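Asker: Structure file model-v3.json, JSON, C-alpha atoms, is pasted below:
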```json
[["chain", "number", "residue", "atom", "x", "y", "z"],
["N", 1, "MET", "CA", 0.00, 0.00, 0.00],
["N", 2, "GLU", "CA", 1.50, 3.27, -1.07],
["N", 3, "MET", "CA", 1.62, 6.17, 1.36],
["N", 4, "VAL", "CA", 0.99, 9.82, 0.68],
["N", 5, "PRO", "CA", 4.39, 11.56, 0.66],
["N", 6, "VAL", "CA", 4.85, 13.85, 3.63],
["N", 7, "SER", "CA", 5.86, 16.71, 1.32],
["N", 8, "TRP", "CA", 2.24, 16.89, 0.11],
["N", 9, "TYR", "CA", 1.15, 17.61, 3.65],
["N", 10, "LEU", "CA", 3.88, 20.22, 4.00],
["N", 11, "LEU", "CA", 2.82, 21.86, 0.75],
["N", 12, "LEU", "CA", -0.80, 21.93, 1.90],
["N", 13, "ALA", "CA", 0.29, 23.48, 5.19],
["N", 14, "ALA", "CA", 2.29, 26.14, 3.32],
["N", 15, "LEU", "CA", -0.75, 26.91, 1.16],
["N", 16, "LEU", "CA", -2.99, 27.28, 4.21],
["N", 17, "PHE", "CA", -0.41, 29.47, 5.91],
["N", 18, "ALA", "CA", -0.18, 31.70, 2.84],
["N", 19, "ILE", "CA", -3.97, 32.02, 2.69],
["N", 20, "GLY", "CA", -4.01, 32.92, 6.38],
["N", 21, "THR", "CA", -1.23, 35.49, 5.91],
["N", 22, "ALA", "CA", -3.05, 37.15, 3.05],
["N", 23, "GLY", "CA", -6.24, 37.25, 5.10],
["N", 24, "ALA", "CA", -4.55, 38.71, 8.18],
["N", 25, "LEU", "CA", -2.92, 41.41, 6.05],
["N", 26, "THR", "CA", -5.94, 42.44, 4.00],
["N", 27, "ARG", "CA", -9.05, 42.15, 6.15],
["N", 28, "ARG", "CA", -10.21, 44.98, 8.37],
["N", 29, "ASN", "CA", -12.67, 43.11, 10.51],
["N", 30, "GLY", "CA", -10.95, 42.14, 13.74],
["N", 31, "ILE", "CA", -12.73, 38.80, 13.99],
["N", 32, "THR", "CA", -11.73, 37.77, 10.47],
["N", 33, "ILE", "CA", -8.12, 38.69, 11.16],
["N", 34, "PHE", "CA", -8.26, 36.51, 14.24],
["N", 35, "LEU", "CA", -9.70, 33.66, 12.21],
["N", 36, "SER", "CA", -6.84, 34.05, 9.73],
["N", 37, "ILE", "CA", -4.35, 33.80, 12.58],
["N", 38, "GLU", "CA", -6.06, 30.62, 13.76],
["N", 39, "LEU", "CA", -5.70, 29.31, 10.23],
["N", 40, "MET", "CA", -1.97, 30.01, 10.30],
["N", 41, "LEU", "CA", -1.60, 28.30, 13.68],
["N", 42, "ASN", "CA", -3.38, 25.27, 12.31],
["N", 43, "SER", "CA", -1.20, 25.03, 9.26],
["N", 44, "VAL", "CA", 1.81, 25.04, 11.58],
["N", 45, "ASN", "CA", 0.17, 22.22, 13.52],
["N", 46, "LEU", "CA", -0.17, 20.26, 10.30],
["N", 47, "THR", "CA", 3.52, 20.84, 9.57],
["N", 48, "LEU", "CA", 4.49, 19.63, 13.03],
["N", 49, "VAL", "CA", 2.42, 16.48, 12.77],
["N", 50, "ALA", "CA", 3.72, 15.77, 9.27],
["N", 51, "TYR", "CA", 7.33, 16.08, 10.39],
["N", 52, "SER", "CA", 6.58, 13.98, 13.44],
["N", 53, "ARG", "CA", 5.32, 11.27, 11.08],
["N", 54, "MET", "CA", 8.30, 11.63, 8.79],
["N", 55, "LEU", "CA", 10.89, 11.45, 11.57],
["N", 56, "ASN", "CA", 8.90, 8.81, 13.47],
["N", 57, "ASP", "CA", 9.16, 10.93, 16.62],
["N", 58, "GLN", "CA", 6.21, 11.91, 18.76],
["N", 59, "THR", "CA", 7.76, 15.15, 20.02],
["N", 60, "GLY", "CA", 6.02, 17.01, 17.20],
["N", 61, "GLN", "CA", 2.66, 15.94, 18.56],
["N", 62, "VAL", "CA", 3.61, 17.20, 22.02],
["N", 63, "LEU", "CA", 4.42, 20.56, 20.42],
["N", 64, "VAL", "CA", 1.00, 20.58, 18.74],
["N", 65, "PHE", "CA", -0.52, 20.05, 22.15],
["N", 66, "PHE", "CA", 1.23, 23.18, 23.43],
["N", 67, "VAL", "CA", 0.29, 25.17, 20.34],
["N", 68, "LEU", "CA", -3.35, 24.26, 20.95],
["N", 69, "ALA", "CA", -3.15, 25.50, 24.52],
["N", 70, "VAL", "CA", -1.50, 28.76, 23.47],
["N", 71, "ALA", "CA", -4.11, 29.23, 20.74],
["N", 72, "ALA", "CA", -6.86, 28.82, 23.31],
["N", 73, "ALA", "CA", -5.25, 31.42, 25.59],
["N", 74, "GLU", "CA", -4.72, 33.78, 22.68],
["N", 75, "ALA", "CA", -8.33, 33.45, 21.53],
["N", 76, "ALA", "CA", -9.65, 34.12, 25.02],
["N", 77, "VAL", "CA", -7.54, 37.24, 25.58],
["N", 78, "GLY", "CA", -8.00, 38.53, 22.05],
["N", 79, "LEU", "CA", -11.76, 38.18, 22.05],
["N", 80, "ALA", "CA", -11.92, 39.85, 25.47],
["N", 81, "LEU", "CA", -9.90, 42.72, 23.98],
["N", 82, "PHE", "CA", -12.34, 42.96, 21.10],
["N", 83, "ILE", "CA", -15.28, 43.09, 23.49],
["N", 84, "ALA", "CA", -13.56, 45.87, 25.45],
["N", 85, "ILE", "CA", -12.80, 47.81, 22.26],
["N", 86, "TYR", "CA", -16.32, 47.34, 20.97],
["N", 87, "ARG", "CA", -17.73, 48.68, 24.21],
["N", 88, "HIS", "CA", -15.85, 51.94, 23.76],
["N", 89, "ARG", "CA", -16.05, 52.37, 20.02],
["N", 90, "ARG", "CA", -19.07, 50.44, 18.78],
["N", 91, "THR", "CA", -16.95, 48.95, 16.01],
["N", 92, "ILE", "CA", -14.09, 46.52, 15.59],
["N", 93, "ASP", "CA", -13.11, 47.79, 12.17],
["N", 94, "LEU", "CA", -9.36, 47.92, 12.64],
["N", 95, "ASN", "CA", -8.92, 50.78, 10.18],
["N", 96, "ARG", "CA", -10.64, 53.02, 12.71],
["N", 97, "MET", "CA", -8.30, 51.95, 15.52],
["N", 98, "ASN", "CA", -5.76, 54.56, 14.53],
["N", 99, "LEU", "CA", -4.98, 56.31, 17.79],
["N", 100, "LEU", "CA", -1.45, 54.92, 17.92],
["N", 101, "ARG", "CA", -0.93, 54.79, 14.19],
["N", 102, "TRP", "CA", 1.97, 56.68, 12.76],
["J", 103, "MET", "CA", -4.65, 4.36, -3.10],
["J", 104, "ILE", "CA", -7.61, 5.03, -0.89],
["J", 105, "GLU", "CA", -5.35, 7.03, 1.41],
["J", 106, "THR", "CA", -4.37, 9.27, -1.49],
["J", 107, "ALA", "CA", -8.03, 9.77, -2.36],
["J", 108, "ILE", "CA", -8.91, 10.72, 1.21],
["J", 109, "PHE", "CA", -5.93, 13.06, 1.39],
["J", 110, "LEU", "CA", -6.85, 14.81, -1.85],
["J", 111, "LEU", "CA", -10.50, 15.15, -0.87],
["J", 112, "PHE", "CA", -9.81, 16.69, 2.51],
["J", 113, "ALA", "CA", -6.88, 18.79, 1.33],
["J", 114, "LEU", "CA", -9.14, 20.31, -1.31],
["J", 115, "LEU", "CA", -11.88, 20.83, 1.27],
["J", 116, "ALA", "CA", -9.41, 22.48, 3.67],
["J", 117, "VAL", "CA", -8.07, 24.88, 1.04],
["J", 118, "ALA", "CA", -11.54, 25.76, -0.26],
["J", 119, "SER", "CA", -12.95, 26.46, 3.18],
["J", 120, "ALA", "CA", -9.80, 28.39, 4.13],
["J", 121, "LEU", "CA", -10.41, 30.61, 1.12],
["J", 122, "VAL", "CA", -13.99, 31.14, 2.27],
["J", 123, "VAL", "CA", -12.70, 32.06, 5.75],
["J", 124, "VAL", "CA", -10.48, 34.73, 4.30],
["J", 125, "LEU", "CA", -12.71, 36.01, 1.51],
["J", 126, "HIS", "CA", -16.22, 36.03, 2.93],
["J", 127, "ARG", "CA", -17.52, 39.35, 4.17],
["J", 128, "ASN", "CA", -19.81, 37.95, 6.79],
["J", 129, "PRO", "CA", -17.86, 36.87, 9.91],
["J", 130, "VAL", "CA", -20.44, 34.21, 10.80],
["J", 131, "TYR", "CA", -19.84, 32.39, 7.53],
["J", 132, "SER", "CA", -16.09, 32.81, 7.98],
["J", 133, "THR", "CA", -16.26, 31.26, 11.43],
["J", 134, "LEU", "CA", -18.39, 28.34, 10.31],
["J", 135, "SER", "CA", -16.11, 27.80, 7.35],
["J", 136, "LEU", "CA", -13.16, 27.60, 9.73],
["J", 137, "VAL", "CA", -14.93, 24.63, 11.35],
["J", 138, "VAL", "CA", -14.80, 22.81, 8.00],
["J", 139, "THR", "CA", -11.08, 23.58, 7.68],
["J", 140, "LEU", "CA", -10.37, 22.34, 11.18],
["J", 141, "ILE", "CA", -12.29, 19.10, 10.73],
["J", 142, "SER", "CA", -10.54, 18.43, 7.41],
["J", 143, "LEU", "CA", -7.21, 18.98, 9.15],
["J", 144, "ALA", "CA", -8.32, 16.59, 11.90],
["J", 145, "VAL", "CA", -8.90, 13.93, 9.23],
["J", 146, "LEU", "CA", -5.41, 14.58, 7.88],
["J", 147, "PHE", "CA", -4.01, 14.22, 11.41],
["J", 148, "VAL", "CA", -5.63, 10.78, 11.60],
["J", 149, "LEU", "CA", -4.03, 9.91, 8.25],
["J", 150, "LEU", "CA", -0.68, 10.98, 9.69],
["J", 151, "GLY", "CA", -1.09, 8.65, 12.63],
["J", 152, "ALA", "CA", -1.98, 11.21, 15.30],
["J", 153, "PRO", "CA", -5.52, 10.28, 16.38],
["J", 154, "PHE", "CA", -5.10, 11.93, 19.77],
["J", 155, "ILE", "CA", -4.17, 15.24, 18.18],
["J", 156, "ALA", "CA", -7.15, 14.89, 15.84],
["J", 157, "ALA", "CA", -9.46, 14.39, 18.81],
["J", 158, "LEU", "CA", -7.91, 17.40, 20.55],
["J", 159, "GLN", "CA", -8.35, 19.43, 17.39],
["J", 160, "ILE", "CA", -12.07, 18.68, 17.25],
["J", 161, "LEU", "CA", -12.65, 19.01, 21.00],
["J", 162, "ILE", "CA", -10.62, 22.15, 21.68],
["J", 163, "TYR", "CA", -10.60, 23.99, 18.38],
["J", 164, "THR", "CA", -14.03, 23.35, 16.93],
["J", 165, "GLY", "CA", -15.61, 22.66, 20.28],
["J", 166, "ALA", "CA", -14.27, 25.51, 22.35],
["J", 167, "ILE", "CA", -12.32, 28.12, 20.40],
["J", 168, "VAL", "CA", -14.60, 28.42, 17.37],
["J", 169, "VAL", "CA", -17.68, 28.43, 19.56],
["J", 170, "LEU", "CA", -16.07, 31.27, 21.51],
["J", 171, "PHE", "CA", -15.53, 33.14, 18.25],
["J", 172, "LEU", "CA", -19.09, 32.54, 17.18],
["J", 173, "PHE", "CA", -20.32, 33.68, 20.57],
["J", 174, "VAL", "CA", -18.41, 36.95, 20.29],
["J", 175, "VAL", "CA", -19.53, 37.52, 16.70],
["J", 176, "MET", "CA", -23.14, 37.09, 17.73],
["J", 177, "LEU", "CA", -22.73, 39.06, 20.95],
["J", 178, "LEU", "CA", -21.23, 42.07, 19.21],
["J", 179, "ASN", "CA", -23.63, 41.64, 16.29],
["J", 180, "ILE", "CA", -20.92, 42.30, 13.74],
["J", 181, "GLY", "CA", -22.38, 42.83, 10.33],
["J", 182, "ARG", "CA", -20.87, 42.49, 6.92],
["J", 183, "GLU", "CA", -17.65, 44.35, 6.35],
["J", 184, "GLU", "CA", -18.38, 47.36, 4.19],
["J", 185, "ILE", "CA", -16.45, 47.84, 0.97],
["J", 186, "SER", "CA", -13.29, 49.76, 1.68],
["J", 187, "GLN", "CA", -13.10, 53.17, 0.11],
["J", 188, "GLN", "CA", -9.40, 53.92, -0.18],
["J", 189, "ARG", "CA", -6.03, 52.16, -0.12],
["J", 190, "GLY", "CA", -7.76, 48.83, -0.22],
["J", 191, "LEU", "CA", -6.47, 47.66, -3.56],
["J", 192, "VAL", "CA", -2.83, 48.52, -2.95],
["J", 193, "GLN", "CA", -2.90, 46.79, 0.41],
["J", 194, "LYS", "CA", -4.60, 43.71, -1.03],
["J", 195, "ALA", "CA", -2.14, 43.50, -3.92],
["J", 196, "LEU", "CA", 0.85, 43.86, -1.60],
["J", 197, "ALA", "CA", -0.53, 41.26, 0.80],
["J", 198, "GLY", "CA", -1.23, 38.86, -2.06],
["J", 199, "ILE", "CA", 2.27, 39.28, -3.45],
["J", 200, "GLY", "CA", 3.77, 38.81, 0.01],
["J", 201, "ALA", "CA", 1.78, 35.65, 0.61],
["J", 202, "LEU", "CA", 2.75, 34.30, -2.82],
["J", 203, "ILE", "CA", 6.44, 35.02, -2.18],
["J", 204, "PHE", "CA", 6.18, 33.19, 1.13],
["J", 205, "LEU", "CA", 4.47, 30.27, -0.55],
["J", 206, "GLY", "CA", 7.17, 30.22, -3.23],
["J", 207, "ILE", "CA", 9.96, 30.14, -0.65],
["J", 208, "VAL", "CA", 8.36, 27.30, 1.27],
["J", 209, "ALA", "CA", 7.46, 25.35, -1.86],
["J", 210, "SER", "CA", 10.96, 25.68, -3.32],
["J", 211, "SER", "CA", 12.53, 24.53, -0.07],
["J", 212, "LEU", "CA", 10.15, 21.57, -0.10],
["J", 213, "TRP", "CA", 11.11, 20.78, -3.67],
["J", 214, "GLY", "CA", 14.57, 19.73, -2.53],
["J", 215, "LEU", "CA", 12.92, 17.44, -0.05],
["J", 216, "TYR", "CA", 10.83, 15.73, -2.67],
["J", 217, "GLY", "CA", 11.36, 12.01, -3.01],
["J", 218, "THR", "CA", 13.01, 11.71, 0.38],
["J", 219, "THR", "CA", 9.74, 11.99, 2.24],
["J", 220, "GLN", "CA", 8.32, 8.55, 1.53],
["J", 221, "VAL", "CA", 7.42, 7.05, 4.87],
["J", 222, "GLY", "CA", 6.91, 3.51, 5.91],
["J", 223, "PRO", "CA", 3.68, 2.09, 7.31],
["J", 224, "LEU", "CA", 2.49, 3.28, 10.69],
["J", 225, "THR", "CA", 3.86, 1.38, 13.63],
["J", 226, "GLU", "CA", 2.02, 0.48, 16.80],
["J", 227, "ASP", "CA", 4.61, 2.41, 18.80],
["J", 228, "PHE", "CA", 4.07, 5.66, 16.94],
["J", 229, "VAL", "CA", 0.29, 5.73, 17.26],
["J", 230, "SER", "CA", 0.36, 4.67, 20.90],
["J", 231, "LEU", "CA", -1.15, 7.18, 23.28],
["J", 232, "GLN", "CA", 0.91, 5.80, 26.12],
["J", 233, "ALA", "CA", 4.17, 6.83, 24.46],
["J", 234, "LEU", "CA", 2.79, 10.32, 23.89],
["J", 235, "ALA", "CA", 1.70, 10.61, 27.51],
["J", 236, "THR", "CA", 5.11, 9.42, 28.71],
["J", 237, "LEU", "CA", 6.73, 12.13, 26.63],
["J", 238, "LEU", "CA", 4.26, 14.81, 27.74],
["J", 239, "PHE", "CA", 4.40, 14.05, 31.45],
["J", 240, "GLY", "CA", 8.04, 13.06, 31.50],
["J", 241, "GLU", "CA", 10.41, 15.08, 29.39],
["J", 242, "TYR", "CA", 8.01, 17.98, 28.88],
["J", 243, "LEU", "CA", 6.44, 18.10, 32.32],
["J", 244, "LEU", "CA", 7.79, 21.58, 33.11],
["J", 245, "THR", "CA", 6.46, 22.96, 29.83],
["J", 246, "PHE", "CA", 3.13, 21.33, 30.56],
["J", 247, "GLU", "CA", 2.93, 23.07, 33.93],
["J", 248, "LEU", "CA", 3.93, 26.39, 32.38],
["J", 249, "VAL", "CA", 1.17, 26.04, 29.80],
["J", 250, "GLY", "CA", -1.28, 25.50, 32.64],
["J", 251, "LEU", "CA", 0.00, 28.69, 34.25],
["J", 252, "LEU", "CA", -0.37, 30.51, 30.92],
["J", 253, "LEU", "CA", -3.99, 29.41, 30.68],
["J", 254, "LEU", "CA", -4.64, 30.65, 34.20],
["J", 255, "VAL", "CA", -3.14, 34.04, 33.34],
["J", 256, "ALA", "CA", -5.20, 34.14, 30.15],
["J", 257, "VAL", "CA", -8.40, 33.44, 32.06],
["J", 258, "ILE", "CA", -7.65, 36.22, 34.53],
["J", 259, "ALA", "CA", -6.76, 38.61, 31.71],
["J", 260, "ALA", "CA", -9.92, 37.82, 29.78],
["J", 261, "THR", "CA", -12.05, 38.32, 32.89],
["J", 262, "VAL", "CA", -10.41, 41.66, 33.64],
["J", 263, "LEU", "CA", -10.62, 42.88, 30.06],
["J", 264, "ALA", "CA", -14.15, 41.81, 29.26],
["J", 265, "GLY", "CA", -15.62, 42.29, 32.71],
["J", 266, "ARG", "CA", -17.99, 45.08, 33.55],
["J", 267, "LEU", "CA", -16.33, 48.48, 33.88],
["J", 268, "SER", "CA", -16.14, 49.76, 37.41],
["J", 269, "LYS", "CA", -17.63, 53.16, 38.27],
["J", 270, "ALA", "CA", -14.19, 54.74, 38.50],
["J", 271, "SER", "CA", -13.05, 53.66, 35.06],
["J", 272, "GLN", "CA", -16.39, 54.53, 33.51],
["J", 273, "VAL", "CA", -15.88, 58.17, 34.47],
["J", 274, "SER", "CA", -12.66, 58.23, 32.50],
["J", 275, "VAL", "CA", -14.42, 57.19, 29.28],
["J", 276, "PRO", "CA", -14.42, 60.33, 27.12],
["J", 277, "GLU", "CA", -17.80, 61.74, 26.25],
["J", 278, "GLU", "CA", -16.65, 62.73, 22.78],
["J", 279, "GLY", "CA", -14.35, 60.84, 20.48],
["J", 280, "LEU", "CA", -10.73, 61.64, 21.03],
["J", 281, "PRO", "CA", -9.28, 64.21, 18.65],
["J", 282, "GLY", "CA", -7.74, 62.84, 15.52],
["J", 283, "PRO", "CA", -3.98, 62.85, 14.97],
["J", 284, "ALA", "CA", -2.53, 66.29, 14.49],
["J", 285, "GLY", "CA", -2.39, 67.22, 10.85],
["J", 286, "GLY", "CA", -4.40, 64.15, 9.93],
["J", 287, "PRO", "CA", -7.44, 64.33, 7.68],
["J", 288, "GLY", "CA", -9.80, 65.46, 10.39],
["J", 289, "PRO", "CA", -11.32, 63.35, 13.12],
["J", 290, "THR", "CA", -11.23, 59.75, 12.00],
["J", 291, "TYR", "CA", -13.47, 57.84, 14.31],
["J", 292, "THR", "CA", -16.05, 60.29, 15.53],
["J", 293, "GLU", "CA", -18.77, 59.06, 13.22],
["J", 294, "HIS", "CA", -20.86, 58.04, 16.19],
["J", 295, "PRO", "CA", -19.96, 60.51, 18.92],
["J", 296, "ASP", "CA", -23.27, 59.88, 20.63],
["J", 297, "GLN", "CA", -22.49, 56.21, 21.02],
["J", 298, "VAL", "CA", -19.06, 56.46, 22.59],
["J", 299, "THR", "CA", -20.36, 55.92, 26.10],
["J", 300, "PRO", "CA", -21.58, 52.35, 26.34],
["J", 301, "PRO", "CA", -25.20, 51.87, 27.29],
["J", 302, "GLU", "CA", -25.88, 50.43, 30.70],
["J", 303, "GLY", "CA", -26.91, 46.98, 29.57],
["J", 304, "VAL", "CA", -23.84, 46.16, 27.52],
["J", 305, "ARG", "CA", -21.45, 43.87, 29.29]]
```
Could you spell out this file's structure in structure tokens?
Answerer:
Amino acid sequence: MEMVPVSWYLLLAALLFAIGTAGALTRRNGITIFLSIELMLNSVNLTLVAYSRMLNDQTGQVLVFFVLAVAAAEAAVGLALFIAIYRHRRTIDLNRMNLLRW
Amino acid sequence: MIETAIFLLFALLAVASALVVVLHRNPVYSTLSLVVTLISLAVLFVLLGAPFIAALQILIYTGAIVVLFLFVVMLLNIGREEISQQRGLVQKALAGIGALIFLGIVASSLWGLYGTTQVGPLTEDFVSLQALATLLFGEYLLTFELVGLLLLVAVIAATVLAGRLSKASQVSVPEEGLPGPAGGPGPTYTEHPDQVTPPEGVR
């Protein structure tokens, strides 16, 4: 039985990361930018698992575990920030958050 | 053969739903589309011999994080993003070019790897949850504890940030929008000066 080469998974992860990068750079809605960042985190997870399979070493999966935990913390704090911003400004359009912008 | 078919199906599904996440104007659709991406990736994790990670992905990501996103989207009642009026095209083009360059770098570095990444069949040892747990609670125990601490800090931070404003900090909320940057094109975010102070019911 032939196996799918690991480089296909890596290529898919790179594609997802690129899509996430483009989204995080172009969108103005704070939530969508956050979703793009989650997408990037997930593509990194895929890379880690793929390399863990390739090297036959489970350390990559342990790293994915930690990435998941950090993503959860990041989502909680980030969404709380958005709620706080929304309370003051009635919008989370990031183009209007220009108080500190040069 | 069947593995290749499953891989192609879910890879295609992941890329398509990722594009919807990034391109759709309505954040609710974006969030729900992210669920499809995450579940497709969970299937790929199973293919790669990481069933525990796949379960975590579905439980934590789609079960907790995405639901949190959806909750916030609905709570804040975020509508469709309006069409941007200026600078949008340049920014989009630059971001697209940047993402493509990144993809090219990664793909070309993978090209050298091609052919060397054939892997053997999955072994019992690799899939075993016991080996993963031994690694997690043995070699990486300190990191595990630190991650727990990080989650505690995150919970406290989220509570402080999203909690109800106290009386003292509510006084400091400006009645009018803050003045725009000096020399800038006028006030930039005072479209709704009457709504700057949050109503009483909003938490």
Asker: Quick one, how far is atom CA of N:Thr59 from atom CA of N:Leu11?
Answerer: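 Computing the Euclidean distance for atom CA of N:Thr59 and atom CA of N:Leu11 yields 21.0 Å.
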Asker: Give as a list in words each residue that has an atom at most 10 Å from (-1.5, 26.5, 21.4) in the file, counting all atoms listed in the file.
Answerer: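 Checked against the point, the hits come out as Glu38, Leu41, Asn42, Asn45, Leu63, Val64, Phe65, Phe66, Val67, Leu68, Ala69, Val70, Ala71, Ala72, Ala73, Glu74 and Ala75 of chain N; Tyr163 and Val249 of chain J.
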Asker: Go ahead and write the residues just picked, C-alpha atoms, as a PDB file, keeping the file's coordinate frame.
Answerer:
```pdb
ATOM      1  CA  GLU N  38      -6.060  30.620  13.760  1.00  0.00           C
ATOM      2  CA  LEU N  41      -1.600  28.300  13.680  1.00  0.00           C
ATOM      3  CA  ASN N  42      -3.380  25.270  12.310  1.00  0.00           C
ATOM      4  CA  ASN N  45       0.170  22.220  13.520  1.00  0.00           C
ATOM      5  CA  LEU N  63       4.420  20.560  20.420  1.00  0.00           C
ATOM      6  CA  VAL N  64       1.000  20.580  18.740  1.00  0.00           C
ATOM      7  CA  PHE N  65      -0.520  20.050  22.150  1.00  0.00           C
ATOM      8  CA  PHE N  66       1.230  23.180  23.430  1.00  0.00           C
ATOM      9  CA  VAL N  67       0.290  25.170  20.340  1.00  0.00           C
ATOM     10  CA  LEU N  68      -3.350  24.260  20.950  1.00  0.00           C
ATOM     11  CA  ALA N  69      -3.150  25.500  24.520  1.00  0.00           C
ATOM     12  CA  VAL N  70      -1.500  28.760  23.470  1.00  0.00           C
ATOM     13  CA  ALA N  71      -4.110  29.230  20.740  1.00  0.00           C
ATOM     14  CA  ALA N  72      -6.860  28.820  23.310  1.00  0.00           C
ATOM     15  CA  ALA N  73      -5.250  31.420  25.590  1.00  0.00           C
ATOM     16  CA  GLU N  74      -4.720  33.780  22.680  1.00  0.00           C
ATOM     17  CA  ALA N  75      -8.330  33.450  21.530  1.00  0.00           C
TER      18      ALA N  75
ATOM     19  CA  TYR J 163     -10.600  23.990  18.380  1.00  0.00           C
ATOM     20  CA  VAL J 249       1.170  26.040  29.800  1.00  0.00           C
TER      21      VAL J 249
END
```
Asker: Here is a test: counting all atoms listed in the file, which residue of J:Leu248, J:Val221, J:Ala197, J:Leu177 is nearest to N:Tyr86?
Answerer: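 Smallest separation from N:Tyr86 among the options: J:Leu177.
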Asker: Grab the atom CA of J:Ala201 to atom CA of J:Val124 distance for me, in Å with one decimal place.
Answerer: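 Taking atom CA of J:Ala201 and atom CA of J:Val124, their separation equals 12.8 Å.
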Asker: Using all atoms listed in the file, which of N:Ile33, N:Met40, N:Ala80, N:Leu100 sits nearest chain J?
Answerer: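 Closest to chain J, using all atoms listed in the file: N:Ala80.
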Asker: For a quick check of understanding, using only C-alpha atoms, which of J:Pro153, J:Asn179, J:Val229, J:Ala260 has the smallest distance to chain N?
Answerer: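 For chain N, the nearest of the given residues is J:Ala260.
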Asker: What is the distance, in Å and to one decimal place, between atom CA of J:Phe112 and atom CA of J:Thr139?
Answerer: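 Atom CA of J:Thr139 lies 8.7 Å from atom CA of J:Phe112.
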Asker: Counting all atoms listed in the file, find residues at most 10 Å from (-11.6, 22.5, 10.4) (file frame) and give them as JSON, numbers by chain.
Answerer: {"N": [39, 42], "J": [112, 115, 116, 119, 120, 133, 134, 135, 136, 137, 138, 139, 140, 141, 142, 143, 144, 145, 159, 160, 163, 164, 168]}
Asker: Using all atoms listed in the file, which residue out of J:Leu234, J:Ile258, J:Leu224, J:Val175 lies closest to J:Tyr131?
Answerer: J:Val175
Asker: Name the closest residue to N:Phe17 among the candidates J:Ile108, J:Val192, J:Val208, J:Ala233; distances are taken between atoms, counting only C-alpha atoms.
Answerer: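 Ranking J:Ile108, J:Val192, J:Val208, J:Ala233 by distance to N:Phe17, first place goes to J:Val208.
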Asker: With all atoms listed in the file as the atoms that count, which of N:Ile31, N:Ala24, N:Ile19, N:Ala14 lies nearest to N:Val44?
Answerer: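 Residue with the minimum atom-to-atom distance to N:Val44: N:Ala14.
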Asker: Because some atoms of stretch 174-178 of chain J are absent here, can you restore all heavy atoms and send them as a JSON list (two decimals), in the frame of the given file?
Answerer:
```
[["chain", "number", "residue", "atom", "x", "y", "z"],
["J", 174, "VAL", "N", -18.76, 35.53, 20.32],
["J", 174, "VAL", "CA", -18.41, 36.95, 20.29],
["J", 174, "VAL", "C", -19.00, 37.63, 19.06],
["J", 174, "VAL", "O", -19.51, 38.75, 19.14],
["J", 174, "VAL", "CB", -16.87, 37.12, 20.35],
["J", 174, "VAL", "CG1", -16.47, 38.55, 20.09],
["J", 174, "VAL", "CG2", -16.38, 36.69, 21.70],
["J", 175, "VAL", "N", -18.96, 36.93, 17.91],
["J", 175, "VAL", "CA", -19.53, 37.52, 16.70],
["J", 175, "VAL", "C", -21.00, 37.82, 16.91],
["J", 175, "VAL", "O", -21.50, 38.89, 16.56],
["J", 175, "VAL", "CB", -19.34, 36.56, 15.50],
["J", 175, "VAL", "CG1", -20.13, 37.03, 14.31],
["J", 175, "VAL", "CG2", -17.89, 36.46, 15.13],
["J", 176, "MET", "N", -21.71, 36.88, 17.52],
["J", 176, "MET", "CA", -23.14, 37.09, 17.73],
["J", 176, "MET", "C", -23.39, 38.13, 18.81],
["J", 176, "MET", "O", -24.32, 38.93, 18.72],
["J", 176, "MET", "CB", -23.79, 35.76, 18.12],
["J", 176, "MET", "CG", -23.54, 34.67, 17.13],
["J", 176, "MET", "SD", -25.03, 34.17, 16.33],
["J", 176, "MET", "CE", -24.41, 33.06, 15.10],
["J", 177, "LEU", "N", -22.54, 38.11, 19.85],
["J", 177, "LEU", "CA", -22.73, 39.06, 20.95],
["J", 177, "LEU", "C", -22.54, 40.48, 20.47],
["J", 177, "LEU", "O", -23.34, 41.38, 20.78],
["J", 177, "LEU", "CB", -21.72, 38.75, 22.06],
["J", 177, "LEU", "CG", -21.72, 39.70, 23.25],
["J", 177, "LEU", "CD1", -22.91, 39.41, 24.12],
["J", 177, "LEU", "CD2", -20.45, 39.57, 24.05],
["J", 178, "LEU", "N", -21.51, 40.72, 19.68],
["J", 178, "LEU", "CA", -21.23, 42.07, 19.21],
["J", 178, "LEU", "C", -22.08, 42.42, 18.00],
["J", 178, "LEU", "O", -22.07, 43.55, 17.55],
["J", 178, "LEU", "CB", -19.75, 42.22, 18.86],
["J", 178, "LEU", "CG", -18.77, 41.90, 19.98],
["J", 178, "LEU", "CD1", -17.36, 42.25, 19.55],
["J", 178, "LEU", "CD2", -19.12, 42.68, 21.23]]
```
